[in-house]
Structure formats: C-alpha cells, structure tokens
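Listing of model_14.txt, compact mmCIF, C-alpha atoms
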```
# COMPACT_ATOMS: atom_id res chain seq x y z
CA MET Z 1 89.19 249.34 41.05
CA ILE Z 2 91.27 250.04 44.12
CA ILE Z 3 94.36 252.00 43.12
CA ARG Z 4 97.44 252.57 45.24
CA ALA Z 5 101.05 253.43 44.65
CA GLU Z 6 103.78 251.11 45.84
CA ASN Z 7 107.49 251.62 45.17
CA GLY Z 8 106.74 254.06 42.37
CA GLU Z 9 104.31 251.70 40.62
CA LEU Z 10 100.55 251.42 40.60
CA VAL Z 11 98.94 248.43 42.23
CA LEU Z 12 95.43 247.76 40.95
CA THR Z 13 93.07 245.54 42.91
CA ARG Z 14 89.72 244.51 41.55
CA GLN Z 15 86.91 245.46 43.90
CA ILE Z 16 85.51 241.95 43.59
CA ASP Z 17 88.79 240.51 44.95
CA HIS Z 18 88.72 242.99 47.83
CA GLY Z 19 85.16 241.85 48.56
CA HIS Z 20 86.14 238.19 48.50
CA GLU Z 21 88.91 238.86 51.04
CA SER Z 22 86.41 240.74 53.21
CA GLY Z 23 84.16 237.68 53.19
CA ILE Z 24 87.03 235.45 54.30
CA LEU Z 25 87.71 237.77 57.21
CA ALA Z 26 84.00 238.01 58.08
CA ARG Z 27 83.80 234.21 58.37
CA LEU Z 28 86.37 234.46 61.18
CA TRP Z 29 84.18 236.72 63.32
CA GLY Z 30 83.18 235.48 66.73
CA ASN Z 31 85.08 234.22 69.73
CA GLU Z 32 84.63 233.94 73.49
CA THR Z 33 84.40 237.74 73.92
CA PHE Z 34 82.84 238.77 70.60
CA ALA Z 35 79.76 236.85 69.51
CA ARG Z 36 79.07 236.17 65.86
CA PRO Z 37 76.50 238.55 64.43
CA ILE Z 38 73.07 237.11 63.71
CA PRO Z 39 72.09 236.14 61.05
CA PHE Z 40 75.70 235.14 60.52
CA ASP Z 41 75.72 233.33 57.17
CA GLU Z 42 73.73 236.04 55.40
CA LEU Z 43 75.94 238.78 56.85
CA ALA Z 44 79.19 236.99 55.99
CA ASP Z 45 77.91 236.43 52.45
CA ALA Z 46 77.08 240.14 52.15
CA CYS Z 47 80.58 241.04 53.35
CA GLY Z 48 82.13 238.77 50.75
CA ARG Z 49 79.95 240.14 47.97
CA HIS Z 50 79.71 243.77 49.05
CA ASP Z 51 81.44 244.98 45.89
CA GLU Z 52 79.54 242.72 43.50
CA ALA Z 53 78.59 245.84 41.55
CA TRP Z 54 82.17 246.10 40.38
CA ARG Z 55 82.34 242.63 38.82
CA TYR Z 56 81.58 243.96 35.34
CA LEU Z 57 82.98 247.47 35.84
CA ASP Z 58 86.44 246.09 36.60
CA GLU Z 59 86.31 243.65 33.67
CA LYS Z 60 86.23 246.65 31.33
CA PRO Z 61 87.90 249.44 33.26
CA SER Z 62 87.51 252.98 32.05
CA VAL Z 63 90.11 255.69 32.47
CA ASP Z 64 89.65 258.99 34.24
CA THR Z 65 90.79 261.52 31.65
CA GLN Z 66 91.82 264.00 34.37
CA THR Z 67 94.23 261.59 36.10
CA ALA Z 68 94.96 259.01 33.37
CA LEU Z 69 94.22 256.33 36.00
CA PRO Z 70 91.46 253.74 35.99
CA HIS Z 71 88.25 254.99 37.56
CA SER Z 72 87.76 254.25 41.24
CA PHE Z 73 84.52 254.24 43.20
CA LEU Z 74 85.01 257.97 43.72
CA THR Z 75 85.63 258.85 40.07
CA MET Z 76 83.53 256.33 38.09
CA PRO Z 77 80.93 258.25 36.05
CA LEU Z 78 77.54 257.99 37.69
CA ASP Z 79 75.87 256.80 34.50
CA ARG Z 80 77.96 253.61 34.78
CA LEU Z 81 78.22 253.39 38.56
CA LEU Z 82 74.62 253.75 39.68
CA PRO Z 83 73.18 251.03 37.40
CA ALA Z 84 76.03 248.73 38.49
CA TYR Z 85 75.28 249.38 42.17
CA ARG Z 86 71.62 248.59 41.65
CA ASP Z 87 72.41 245.45 39.63
CA GLY Z 88 74.95 244.23 42.20
CA ALA Z 89 72.55 244.59 45.12
CA GLU Z 90 69.72 242.95 43.16
CA ARG Z 91 71.90 239.97 42.19
CA ILE Z 92 72.79 239.37 45.83
CA ALA Z 93 69.18 239.83 46.97
CA ARG Z 94 67.97 237.05 44.67
CA ASP Z 95 69.50 234.38 46.89
CA ASN Z 96 70.17 236.42 50.05
CA PRO Z 97 67.51 239.10 50.60
CA TYR Z 98 69.07 240.28 53.87
CA GLY Z 99 72.51 240.44 52.28
CA GLY Z 100 71.14 242.34 49.29
CA PHE Z 101 69.55 244.83 51.67
CA LEU Z 102 72.86 245.33 53.52
CA VAL Z 103 74.80 245.75 50.27
CA ALA Z 104 72.21 248.21 48.96
CA MET Z 105 72.72 250.23 52.15
CA HIS Z 106 76.49 250.05 51.64
CA TYR Z 107 76.15 251.54 48.16
CA GLN Z 108 73.64 254.17 49.27
CA GLY Z 109 75.97 255.20 52.07
CA PHE Z 110 78.46 256.63 49.59
CA PHE Z 111 75.92 259.33 48.76
CA ASN Z 112 74.37 260.10 52.15
CA GLN Z 113 77.30 260.07 54.64
CA ARG Z 114 76.27 256.60 55.80
CA PHE Z 115 72.68 257.73 56.39
CA GLY Z 116 73.91 260.82 58.25
CA LEU Z 117 75.97 258.83 60.74
CA ASP Z 118 79.41 259.79 59.43
CA GLN Z 119 79.87 263.33 58.18
CA GLY Z 120 83.60 262.77 57.63
CA LEU Z 121 83.26 259.67 55.47
CA ILE Z 122 84.76 259.81 52.01
CA GLY Z 123 81.98 259.69 49.50
CA ARG Z 124 80.70 261.07 46.26
CA THR Z 125 79.95 264.76 45.91
CA VAL Z 126 76.29 265.39 45.29
CA ASP Z 127 75.78 268.79 43.71
CA ASP Z 128 73.25 270.42 41.40
CA SER Z 129 74.73 268.67 38.35
CA ASN Z 130 74.05 265.16 39.67
CA ARG Z 131 71.52 265.60 42.50
CA ALA Z 132 68.51 264.39 40.48
CA GLN Z 133 70.37 261.32 39.19
CA VAL Z 134 71.56 260.39 42.68
CA GLN Z 135 68.14 261.01 44.25
CA GLU Z 136 66.47 258.81 41.63
CA TYR Z 137 68.98 256.06 42.42
CA LEU Z 138 68.50 256.38 46.20
CA SER Z 139 64.72 256.28 45.81
CA ALA Z 140 64.92 253.16 43.65
CA MET Z 141 67.20 251.45 46.16
CA GLU Z 142 64.79 252.21 49.01
CA MET Z 143 62.11 250.30 47.10
CA MET Z 144 64.34 247.26 46.68
```

Rewrite the structure of this file - the entire thing - as structure tokens.
Amino acid sequence: MIIRAENGELVLTRQIDHGHESGILARLWGNETFARPIPFDELADACGRHDEAWRYLDEKPSVDTQTALPHSFLTMPLDRLLPAYRDGAERIARDNPYGGFLVAMHYQGFFNQRFGLDQGLIGRTVDDSNRAQVQEYLSAMEMM
C-alpha cells in the first residue's frame, strides 16, 4: 500500500495499481534520442508487474499498530512480505523469465541498497533480529 496525506486525508494506492501505471509509462519509452531498451516487451511487462507481490497483501491489508496506518513496503512484517516477494517474482517468471529476474532484483534491492549501488536508498533495516530471515530470502531469490 502506498500511503500519502492530501488535504488532511489519507490517500491509499494499491501497489498493484502503481505497478500497472508504471507499465503504461514503460510502454512509452523510446524516441529519436532515447532508444527502447532491449528486450523491450519483457522489460515493459516487468515494469508493469513489478509490485505483483502486493496483489494479495493489499487485498487484505494489515495495520501497523505503532502508526494505526496500513502497512507499507517499509513496515509490512517480514513474515508476510518475504513470501509475497518470492511468490510475486515466481509468478512473473513463469511466463516472463527475464521479467521475473528483474522483479526479483527489485525486491532484493530493498534489503541490499540496490546491490550496493545506492547507499542512500530507502529500504528495510536489516539488524540482528531479522538478519537470518532476510539472508535466507536473499539466498533463495538468487537461486530463482
């Protein structure tokens, strides 16, 4: 769930809808000065489905007891989030292996500063309380 305040009210956007919009924008890539990425169709599909993991999480949102807001990708308990990430990437990979690989990397990036490329990126805190759980997830995703 993407959560933002607007005019004193909360606006909730399902991650899956955000992903769909991203796919629409990705299909517009390419012009006389910016070539379409290759393979284009697989990449555009991955953009449109990059938050597939949230399809079922957002159908039954849970509430963060500390904020009384629905969980976001930063606050969703790992015992719900990590299996959803794995399932989402695997569902995409069934019909788009390259796209599934890209989406798996997207999910992994939340836990490893985008593979060490972005130290300032917002992501999940990995500490002693969840390090083993996150490492098990990252290892499983590398085998995908």

Quiz item: Leaving out Leu138 of chain Z and any residue of its chain fewer than 2 positions from it, which residues lie within 10 Å of it when counting only C-alpha atoms, given as a VMD selection string?
Solution: chain Z and resid 82 86 104 to 105 107 to 109 111 to 112 132 to 136 140 to 143

Quiz item: So which one's closest to Leu81 of chain Z, Z:Arg49, Z:His20, Z:Arg14, Z:Arg124? Using all atoms listed in the file, please.
Solution: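 Using all atoms listed in the file, Leu81 of chain Z sits closest to Z:Arg124.
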
Exercise. Please indicate the distance in Å from atom CA of Arg91 of chain Z to atom CA of Leu57 of chain Z, rounded to one decimal place.
Key: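 If I compute the distance from atom CA of Arg91 of chain Z to atom CA of Leu57 of chain Z, I get 14.8 Å.
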
Self-check item: Pairwise distance for atom CA of Gly23 of chain Z and atom CA of Cys47 of chain Z, rounded to one decimal in Å
Solution: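 A separation of 4.9 Å between them.
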
Self-check item: Counting only C-alpha atoms, the residue of Z:Pro39, Z:Gly88, Z:Gly30, Z:Pro70 that sits nearest Ile3 of chain Z
Solution: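 When distances to Ile3 of chain Z are compared using only C-alpha atoms, the smallest one comes from Z:Pro70.
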
Quiz item: Could you work out how far atom CA of Met1 of chain Z lies from atom CA of Tyr56 of chain Z, giving the answer in Å with one decimal?
Solution: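 According to the coordinates, atom CA of Tyr56 of chain Z and atom CA of Met1 of chain Z are separated by 10.9 Å.
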
Quiz item: Between Z:Ala26, Z:Arg114, Z:Asp51, Z:Glu59, which one has atoms that come closest to Ala89 of chain Z, using all atoms listed in the file?
Solution: Z:Asp51

How close does segment 7-110 of chain Z get to segment 127-131 of chain Z? List, as a tab-separated table, each residue of segment 7-110 of chain Z within 12 Å, its nearest atom pair and the distance in Å to one decimal, counting only C-alpha atoms.
```
residue	atom	partner	partner_atom	distance
Z:Pro77	CA	Z:Asn130	CA	10.4
Z:Leu78	CA	Z:Asn130	CA	8.2
Z:Asp79	CA	Z:Asn130	CA	10.0
Z:Leu82	CA	Z:Asn130	CA	11.4
```

Quiz prompt | Surrounding residues of Gly19 of chain Z excluding itself and chain neighbours under 2 positions, 10 Å, only C-alpha atoms, as a ChimeraX atom specification | solution = /Z:14-17,21-25,45-52,54

Practice problem: Considering only C-alpha atoms, state which residue in the set Z:Pro37, Z:Asn7, Z:Ala68, Z:Thr125 is at the smallest distance from Phe110 of chain Z. | Solution: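 Nearest candidate to Phe110 of chain Z out of Z:Pro37, Z:Asn7, Z:Ala68, Z:Thr125: Z:Thr125.
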
Practice problem: Determine the nearest neighbour of Glu90 of chain Z from the options Z:Leu12, Z:Ile2, Z:Leu28, Z:Val103, counting all atoms listed in the file. | Solution: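 Nearest candidate to Glu90 of chain Z out of Z:Leu12, Z:Ile2, Z:Leu28, Z:Val103: Z:Val103.
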